[in-house]
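K.L.:
Below is one structure. I have some questions about it.
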Amino acid sequence: GSTWSCGQRVCEHMSTRLNEYKSSMRVLDLGAGTGVAGLYVAKAFPAAHVILTDLPDHIDLIQTNVDANKLRNVQVIPLDWTESNQNPLLLGEEFDLILATDCAYARKLHAPLLATIALACRTYDKTRCFLGVTKSDTGPEFLNEISKLGLEFSMLENDEYFALICLRQRAPFFHRSVGQQCTIIPCL
């Protein structure tokens with residue numbers, strides 16, 4: 001496998017802000033590919049719990065990369081976004097950070113990817129999602145799809161080729177486990 005540019009750009013962005021993350025965060029990497037973004041977080045934050053996901057045919061490659069890096073804080077799990085609304089991982093977990101890089105390369109993936117992100121963000125008011133995309137794969141309609149799912153977004157980086165988008169639940173957020181309205185933290 002090879003690493004595409006958005007994963008590298010997300011790592012670069014995070015490397016300039018390491019002190020802004022809690023060391024014991026729970027991280028979900030969607031469509032991890034080679035695992036570069038999630039592996040970076042796992043190495044930078046040894047107390048973090050990182051879950052790398054992708055389609056079943058990518059799992060062996062990701063696990064090989066986890067093993068090569070001797071990481072004990074990483075779990076590798078198959079996840080198909082078209083079936084994610086039934087996935088127990090997404091239905092019960094609370095994540096501090098969700099990563100998705102180079103995952104919007106095909107228009108048919110936009111809706112299932114964004115629905116999976118919305119599902120993973122829905123139970124925890126502090127969840128941030130970093131979505132790294134190339135502009136050749138996305139456009140204004142992609143941002144409209146984000147809004148339709150009840151997610152807010154801000155552009156953290158934006159050039160002629162790349163966009164780093166931070167997604168979060170639209171305020172006010174109702175936390176189901178505590179039964180009260182919560183405040184959304186801003187993207188960094």
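Each chain in the structure tokens gets a letter, A, B and so on, in the order shown; residues start at 1 in every chain, and ligands are counted from 1 in the order they appear.
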Would you pick out the contacts of Ile62 of chain A at 9 Å or less, using only C-alpha atoms, so that residues sharing its chain but fewer than 4 positions from it are not included, and give the list as a VMD selection string?
P.N.:
chain A and resid 32 to 35 52 to 54 58 66 to 67 76
K.L.:
Give me a file of those residues, with N, CA and C atoms, as a short mmCIF file (atom, residue, chain, number, x, y, z; two decimals), in the first residue's frame.
P.N.:
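The resulting file, part.cif, is shown below:
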data_model
loop_
_atom_site.label_atom_id
_atom_site.label_comp_id
_atom_site.auth_asym_id
_atom_site.auth_seq_id
_atom_site.Cartn_x
_atom_site.Cartn_y
_atom_site.Cartn_z
N ALA A 32 -8.60 3.84 7.18
CA ALA A 32 -7.21 4.11 7.56
C ALA A 32 -6.19 3.83 6.46
N GLY A 33 -6.50 2.98 5.51
CA GLY A 33 -5.54 2.69 4.43
C GLY A 33 -4.29 2.03 4.98
N THR A 34 -3.16 2.74 4.94
CA THR A 34 -1.92 2.24 5.53
C THR A 34 -1.88 2.50 7.03
N GLY A 35 -2.77 3.38 7.50
CA GLY A 35 -2.84 3.71 8.92
C GLY A 35 -2.02 4.91 9.32
N LEU A 52 -8.06 1.70 14.32
CA LEU A 52 -7.90 1.89 12.89
C LEU A 52 -8.92 1.00 12.18
N THR A 53 -9.68 1.58 11.26
CA THR A 53 -10.70 0.82 10.55
C THR A 53 -10.52 0.97 9.04
N ASP A 54 -10.94 -0.04 8.35
CA ASP A 54 -11.01 0.00 6.88
C ASP A 54 -11.78 -1.24 6.44
N HIS A 58 -8.17 -4.57 3.65
CA HIS A 58 -7.07 -3.70 4.04
C HIS A 58 -6.51 -4.02 5.43
N VAL A 66 1.00 -1.69 12.12
CA VAL A 66 0.92 -1.57 13.58
C VAL A 66 2.03 -2.39 14.22
N ASP A 67 2.17 -3.64 13.78
CA ASP A 67 3.19 -4.53 14.33
C ASP A 67 4.61 -4.00 14.06
N VAL A 76 -7.13 -2.84 15.40
CA VAL A 76 -7.48 -2.81 13.99
C VAL A 76 -8.79 -3.57 13.80
#
K.L.:
Running DSSP on the backbone, which parts of segment 36-171 of chain A land in alpha helix (DSSP H), as a VMD selection string?
P.N.:
chain A and resid 36 to 44 59 to 68 88 to 92 107 to 121 140 to 148
K.L.:
Looking only at the backbone, which of the residues in segment 32-156 of chain A does DSSP tag as strand (DSSP E or B), as a list of chain:residue names?
P.N.:
A:His49, A:Val50, A:Ile51, A:Leu52, A:Thr53, A:Asp54, A:Val74, A:Gln75, A:Val76, A:Ile77, A:Pro78, A:Leu97, A:Ile98, A:Leu99, A:Ala100, A:Thr101, A:Arg128, A:Cys129, A:Phe130, A:Leu131, A:Gly132, A:Val133, A:Thr134, A:Leu151, A:Glu152, A:Phe153, A:Ser154, A:Met155, A:Leu156
K.L.:
Identify, on the basis of only C-alpha atoms, every residue whose closest approach to segment 100-105 of chain A does not exceed 7 Å; exclude the query and any residue fewer than 3 positions from it along the same chain; express the result as a list in words.
P.N.:
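Skipping anything fewer than 3 positions along the chain leaves Trp4, Cys6, Gly7, Asp29, Leu30, Gly31, Leu109, His110, Phe130, Leu131, Gly132, Val133, Asp137 and Thr138 of chain A.
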K.L.:
With segment 36-50 of chain A as the partner and 10 Å as the cut-off, tabulate the residues of segment 68-108 of chain A that qualify, each row holding the nearest pair of atoms and their distance in Å to one decimal, using only C-alpha atoms, sorted by chain and rising number, as JSON lines.
P.N.:
{"residue": "A:Asn69", "atom": "CA", "partner": "A:Leu39", "partner_atom": "CA", "distance": 8.2}
{"residue": "A:Lys70", "atom": "CA", "partner": "A:Lys43", "partner_atom": "CA", "distance": 9.5}
{"residue": "A:Leu71", "atom": "CA", "partner": "A:Ala42", "partner_atom": "CA", "distance": 7.2}
{"residue": "A:Arg72", "atom": "CA", "partner": "A:Pro46", "partner_atom": "CA", "distance": 8.4}
{"residue": "A:Asn73", "atom": "CA", "partner": "A:His49", "partner_atom": "CA", "distance": 5.2}
{"residue": "A:Val74", "atom": "CA", "partner": "A:Val50", "partner_atom": "CA", "distance": 4.7}
{"residue": "A:Gln75", "atom": "CA", "partner": "A:Val50", "partner_atom": "CA", "distance": 6.3}
{"residue": "A:Val76", "atom": "CA", "partner": "A:Val50", "partner_atom": "CA", "distance": 8.6}
{"residue": "A:Phe95", "atom": "CA", "partner": "A:Val50", "partner_atom": "CA", "distance": 9.5}
{"residue": "A:Asp96", "atom": "CA", "partner": "A:Ala48", "partner_atom": "CA", "distance": 9.9}
{"residue": "A:Leu97", "atom": "CA", "partner": "A:Val50", "partner_atom": "CA", "distance": 9.3}
{"residue": "A:Ile98", "atom": "CA", "partner": "A:Gly38", "partner_atom": "CA", "distance": 9.3}
{"residue": "A:Leu99", "atom": "CA", "partner": "A:Ala37", "partner_atom": "CA", "distance": 7.2}
{"residue": "A:Ala100", "atom": "CA", "partner": "A:Ala37", "partner_atom": "CA", "distance": 8.4}
{"residue": "A:Thr101", "atom": "CA", "partner": "A:Ala37", "partner_atom": "CA", "distance": 7.7}
K.L.:
Using all heavy atoms, can you export the residues from the last selection as a compact mmCIF listing (two decimals), in the first residue's frame?
P.N.:
# COMPACT_ATOMS: atom_id res chain seq x y z
N ASN A 69 5.53 -1.02 13.88
CA ASN A 69 5.76 0.12 14.76
C ASN A 69 5.71 -0.25 16.24
O ASN A 69 5.85 0.62 17.10
CB ASN A 69 4.76 1.23 14.45
CG ASN A 69 5.12 1.98 13.20
OD1 ASN A 69 5.97 2.85 13.24
ND2 ASN A 69 4.50 1.62 12.08
N LYS A 70 5.47 -1.54 16.52
CA LYS A 70 5.44 -2.05 17.90
C LYS A 70 4.51 -1.25 18.80
O LYS A 70 4.86 -0.87 19.92
CB LYS A 70 6.86 -2.08 18.49
CG LYS A 70 7.80 -3.00 17.74
CD LYS A 70 9.19 -2.94 18.31
CE LYS A 70 10.16 -3.91 17.72
NZ LYS A 70 10.28 -4.04 16.31
N LEU A 71 3.31 -1.02 18.30
CA LEU A 71 2.31 -0.23 19.03
C LEU A 71 1.34 -1.15 19.76
O LEU A 71 0.73 -2.02 19.15
CB LEU A 71 1.57 0.70 18.08
CG LEU A 71 2.44 1.78 17.43
CD1 LEU A 71 1.70 2.46 16.31
CD2 LEU A 71 2.88 2.78 18.48
N ARG A 72 1.19 -0.91 21.04
CA ARG A 72 0.27 -1.70 21.86
C ARG A 72 -1.04 -0.98 22.12
O ARG A 72 -1.96 -1.55 22.70
CB ARG A 72 0.93 -2.07 23.18
CG ARG A 72 2.15 -2.95 23.01
CD ARG A 72 2.71 -3.33 24.36
NE ARG A 72 3.91 -4.11 24.23
CZ ARG A 72 3.94 -5.43 24.16
NH1 ARG A 72 2.81 -6.10 24.16
NH2 ARG A 72 5.08 -6.06 24.05
N ASN A 73 -1.13 0.28 21.73
CA ASN A 73 -2.33 1.08 21.99
C ASN A 73 -3.22 1.21 20.77
O ASN A 73 -4.04 2.11 20.68
CB ASN A 73 -1.94 2.47 22.52
CG ASN A 73 -1.06 3.25 21.55
OD1 ASN A 73 -0.36 2.68 20.72
ND2 ASN A 73 -1.09 4.57 21.68
N VAL A 74 -3.07 0.29 19.83
CA VAL A 74 -3.82 0.34 18.57
C VAL A 74 -4.61 -0.95 18.39
O VAL A 74 -4.10 -2.05 18.61
CB VAL A 74 -2.88 0.55 17.37
CG1 VAL A 74 -3.66 0.53 16.06
CG2 VAL A 74 -2.12 1.85 17.52
N GLN A 75 -5.84 -0.79 17.95
CA GLN A 75 -6.71 -1.91 17.62
C GLN A 75 -7.10 -1.75 16.15
O GLN A 75 -7.36 -0.64 15.69
CB GLN A 75 -7.95 -1.83 18.52
CG GLN A 75 -8.89 -2.96 18.45
CD GLN A 75 -10.03 -2.79 19.46
OE1 GLN A 75 -10.11 -1.80 20.19
NE2 GLN A 75 -10.91 -3.75 19.47
N VAL A 76 -7.13 -2.84 15.40
CA VAL A 76 -7.48 -2.81 13.99
C VAL A 76 -8.79 -3.57 13.80
O VAL A 76 -8.89 -4.74 14.20
CB VAL A 76 -6.35 -3.43 13.13
CG1 VAL A 76 -6.72 -3.40 11.65
CG2 VAL A 76 -5.03 -2.69 13.37
N PHE A 95 -15.70 8.91 21.19
CA PHE A 95 -14.38 9.20 20.67
C PHE A 95 -14.06 10.68 20.88
O PHE A 95 -14.91 11.54 20.68
CB PHE A 95 -14.30 8.86 19.18
CG PHE A 95 -14.51 7.41 18.91
CD1 PHE A 95 -15.73 6.93 18.48
CD2 PHE A 95 -13.48 6.50 19.11
CE1 PHE A 95 -15.94 5.59 18.24
CE2 PHE A 95 -13.67 5.15 18.88
CZ PHE A 95 -14.90 4.69 18.45
N ASP A 96 -12.82 10.95 21.25
CA ASP A 96 -12.35 12.33 21.36
C ASP A 96 -11.99 12.88 19.99
O ASP A 96 -12.18 14.06 19.71
CB ASP A 96 -11.12 12.40 22.27
CG ASP A 96 -11.43 11.92 23.67
OD1 ASP A 96 -12.19 12.61 24.37
OD2 ASP A 96 -10.95 10.83 24.04
N LEU A 97 -11.44 12.01 19.15
CA LEU A 97 -10.96 12.42 17.84
C LEU A 97 -11.30 11.36 16.81
O LEU A 97 -11.10 10.17 17.04
CB LEU A 97 -9.44 12.63 17.89
CG LEU A 97 -8.75 13.09 16.62
CD1 LEU A 97 -9.24 14.47 16.19
CD2 LEU A 97 -7.23 13.12 16.82
N ILE A 98 -11.81 11.81 15.67
CA ILE A 98 -12.07 10.94 14.53
C ILE A 98 -11.24 11.47 13.37
O ILE A 98 -11.23 12.67 13.10
CB ILE A 98 -13.56 10.91 14.15
CG1 ILE A 98 -14.39 10.38 15.32
CG2 ILE A 98 -13.79 10.08 12.90
CD1 ILE A 98 -15.89 10.53 15.15
N LEU A 99 -10.52 10.57 12.72
CA LEU A 99 -9.70 10.93 11.57
C LEU A 99 -10.26 10.24 10.33
O LEU A 99 -10.64 9.07 10.38
CB LEU A 99 -8.26 10.46 11.78
CG LEU A 99 -7.55 10.98 13.02
CD1 LEU A 99 -6.24 10.24 13.22
CD2 LEU A 99 -7.31 12.48 12.91
N ALA A 100 -10.29 10.95 9.23
CA ALA A 100 -10.68 10.37 7.94
C ALA A 100 -9.88 11.13 6.88
O ALA A 100 -10.14 12.31 6.65
CB ALA A 100 -12.18 10.50 7.71
N THR A 101 -8.90 10.47 6.30
CA THR A 101 -8.04 11.15 5.32
C THR A 101 -8.07 10.40 4.00
O THR A 101 -8.01 9.18 3.97
CB THR A 101 -6.59 11.24 5.84
OG1 THR A 101 -6.06 9.94 6.03
CG2 THR A 101 -6.53 12.00 7.15
K.L.:
Have a look at A:Leu61, A:Leu79, A:Cys166, A:Leu90 and name the one nearest to Arg128 of chain A; count only C-alpha atoms.
P.N.:
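Result for the nearest residue to Arg128 of chain A: A:Cys166.
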K.L.:
If you measure from atom CA of Glu12 of chain A to atom CA of Gly139 of chain A, what distance in Å do you get, rounded to one decimal?
P.N.:
23.1 Å
K.L.:
When distances are computed from only C-alpha atoms, which of A:Lys148, A:Thr82, A:Gln63, A:Lys135 shows the smallest separation from Tyr161 of chain A?
P.N.:
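Smallest separation from Tyr161 of chain A among the options: A:Lys135.
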K.L.:
Return the single residue from A:Phe162, A:Ile51, A:Lys22, A:Ser147 that is closest to Val10 of chain A, with distances computed using only C-alpha atoms.
P.N.:
A:Phe162
K.L.:
Between A:Arg9, A:Ser24, A:Pro56, A:Glu145, which residue has the minimum interatomic distance to Asp159 of chain A, considering only C-alpha atoms?
P.N.:
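The answer is A:Arg9, which sits nearest to Asp159 of chain A.
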K.L.:
Could you tell me how far atom CA of Cys129 of chain A lies from atom CA of Leu167 of chain A, in Å and to one decimal?
P.N.:
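Straight-line distance from atom CA of Cys129 of chain A to atom CA of Leu167 of chain A works out to 5.0 Å.
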K.L.:
Which polymer residues have any atom within 12 Å of an atom of Leu119 of chain A, counting only C-alpha atoms, with same-chain residues fewer than 5 positions away left out, as a PDB file with N, CA and C atoms, in the first residue's frame?
P.N.:
ATOM      1  N   TRP A  81     -18.544   1.305   5.724  1.00  0.00           N
ATOM      2  CA  TRP A  81     -19.428   2.441   6.004  1.00  0.00           C
ATOM      3  C   TRP A  81     -20.854   2.201   5.552  1.00  0.00           C
ATOM      4  N   GLU A  83     -22.526  -0.279   6.057  1.00  0.00           N
ATOM      5  CA  GLU A  83     -23.186  -1.079   7.094  1.00  0.00           C
ATOM      6  C   GLU A  83     -22.926  -0.520   8.492  1.00  0.00           C
ATOM      7  N   SER A  84     -22.420   0.696   8.587  1.00  0.00           N
ATOM      8  CA  SER A  84     -21.953   1.223   9.871  1.00  0.00           C
ATOM      9  C   SER A  84     -23.080   1.552  10.842  1.00  0.00           C
ATOM     10  N   ASN A  85     -24.306   1.753  10.358  1.00  0.00           N
ATOM     11  CA  ASN A  85     -25.383   2.088  11.285  1.00  0.00           C
ATOM     12  C   ASN A  85     -25.738   0.925  12.211  1.00  0.00           C
ATOM     13  N   GLN A  86     -25.235  -0.251  11.927  1.00  0.00           N
ATOM     14  CA  GLN A  86     -25.461  -1.416  12.778  1.00  0.00           C
ATOM     15  C   GLN A  86     -24.206  -1.830  13.547  1.00  0.00           C
ATOM     16  N   ASN A  87     -23.125  -1.086  13.395  1.00  0.00           N
ATOM     17  CA  ASN A  87     -21.857  -1.482  13.980  1.00  0.00           C
ATOM     18  C   ASN A  87     -21.798  -1.139  15.468  1.00  0.00           C
ATOM     19  N   PRO A  88     -21.615  -2.140  16.339  1.00  0.00           N
ATOM     20  CA  PRO A  88     -21.572  -1.875  17.780  1.00  0.00           C
ATOM     21  C   PRO A  88     -20.447  -0.923  18.186  1.00  0.00           C
ATOM     22  N   LEU A  89     -19.357  -0.901  17.418  1.00  0.00           N
ATOM     23  CA  LEU A  89     -18.257   0.015  17.702  1.00  0.00           C
ATOM     24  C   LEU A  89     -18.752   1.455  17.679  1.00  0.00           C
ATOM     25  N   LEU A  90     -19.559   1.796  16.691  1.00  0.00           N
ATOM     26  CA  LEU A  90     -20.023   3.162  16.530  1.00  0.00           C
ATOM     27  C   LEU A  90     -21.240   3.479  17.384  1.00  0.00           C
ATOM     28  N   LEU A  91     -21.981   2.469  17.775  1.00  0.00           N
ATOM     29  CA  LEU A  91     -23.211   2.702  18.531  1.00  0.00           C
ATOM     30  C   LEU A  91     -22.961   2.962  20.007  1.00  0.00           C
ATOM     31  N   GLY A  92     -21.851   2.483  20.560  1.00  0.00           N
ATOM     32  CA  GLY A  92     -21.665   2.619  21.986  1.00  0.00           C
ATOM     33  C   GLY A  92     -20.440   3.380  22.436  1.00  0.00           C
ATOM     34  N   GLU A  93     -19.510   3.645  21.553  1.00  0.00           N
ATOM     35  CA  GLU A  93     -18.246   4.271  21.933  1.00  0.00           C
ATOM     36  C   GLU A  93     -18.336   5.792  21.900  1.00  0.00           C
ATOM     37  N   GLU A  94     -17.495   6.418  22.691  1.00  0.00           N
ATOM     38  CA  GLU A  94     -17.326   7.863  22.655  1.00  0.00           C
ATOM     39  C   GLU A  94     -15.882   8.133  22.244  1.00  0.00           C
ATOM     40  N   PHE A  95     -15.705   8.909  21.193  1.00  0.00           N
ATOM     41  CA  PHE A  95     -14.380   9.202  20.672  1.00  0.00           C
ATOM     42  C   PHE A  95     -14.060  10.677  20.876  1.00  0.00           C
ATOM     43  N   ILE A  98     -11.813  11.813  15.672  1.00  0.00           N
ATOM     44  CA  ILE A  98     -12.071  10.937  14.530  1.00  0.00           C
ATOM     45  C   ILE A  98     -11.238  11.470  13.372  1.00  0.00           C
ATOM     46  N   PRO A 112     -22.058   7.600   2.612  1.00  0.00           N
ATOM     47  CA  PRO A 112     -21.776   6.649   3.689  1.00  0.00           C
ATOM     48  C   PRO A 112     -20.669   7.123   4.635  1.00  0.00           C
ATOM     49  N   LEU A 113     -19.642   7.801   4.112  1.00  0.00           N
ATOM     50  CA  LEU A 113     -18.580   8.322   4.969  1.00  0.00           C
ATOM     51  C   LEU A 113     -19.138   9.348   5.945  1.00  0.00           C
ATOM     52  N   LEU A 114     -19.878  10.311   5.434  1.00  0.00           N
ATOM     53  CA  LEU A 114     -20.408  11.368   6.296  1.00  0.00           C
ATOM     54  C   LEU A 114     -21.433  10.833   7.287  1.00  0.00           C
ATOM     55  N   TYR A 124     -21.088  12.086  21.967  1.00  0.00           N
ATOM     56  CA  TYR A 124     -20.095  12.710  22.840  1.00  0.00           C
ATOM     57  C   TYR A 124     -19.854  14.135  22.372  1.00  0.00           C
ATOM     58  N   THR A 127     -16.280  15.378  20.763  1.00  0.00           N
ATOM     59  CA  THR A 127     -15.690  14.736  19.590  1.00  0.00           C
ATOM     60  C   THR A 127     -15.351  15.767  18.520  1.00  0.00           C
ATOM     61  N   CYS A 129     -13.670  15.813  14.540  1.00  0.00           N
ATOM     62  CA  CYS A 129     -13.319  14.968  13.402  1.00  0.00           C
ATOM     63  C   CYS A 129     -12.494  15.779  12.428  1.00  0.00           C
ATOM     64  N   LEU A 149     -26.463  16.638   7.383  1.00  0.00           N
ATOM     65  CA  LEU A 149     -26.392  15.606   8.411  1.00  0.00           C
ATOM     66  C   LEU A 149     -26.341  16.174   9.832  1.00  0.00           C
ATOM     67  N   GLY A 150     -26.470  17.492   9.964  1.00  0.00           N
ATOM     68  CA  GLY A 150     -26.451  18.097  11.285  1.00  0.00           C
ATOM     69  C   GLY A 150     -25.064  18.310  11.846  1.00  0.00           C
ATOM     70  N   LEU A 151     -24.075  18.350  10.963  1.00  0.00           N
ATOM     71  CA  LEU A 151     -22.699  18.589  11.390  1.00  0.00           C
ATOM     72  C   LEU A 151     -22.291  20.010  11.016  1.00  0.00           C
ATOM     73  N   ARG A 168     -18.003  18.661  13.633  1.00  0.00           N
ATOM     74  CA  ARG A 168     -18.512  18.398  14.976  1.00  0.00           C
ATOM     75  C   ARG A 168     -20.031  18.490  14.944  1.00  0.00           C
ATOM     76  N   GLN A 169     -20.653  17.974  15.981  1.00  0.00           N
ATOM     77  CA  GLN A 169     -22.110  18.042  16.069  1.00  0.00           C
ATOM     78  C   GLN A 169     -22.561  19.493  16.129  1.00  0.00           C
TER      79      GLN A 169
END
K.L.:
Using Å and a single decimal, report how far atom CA of Pro78 of chain A sits from atom CA of Asp57 of chain A.
P.N.:
8.5 Å
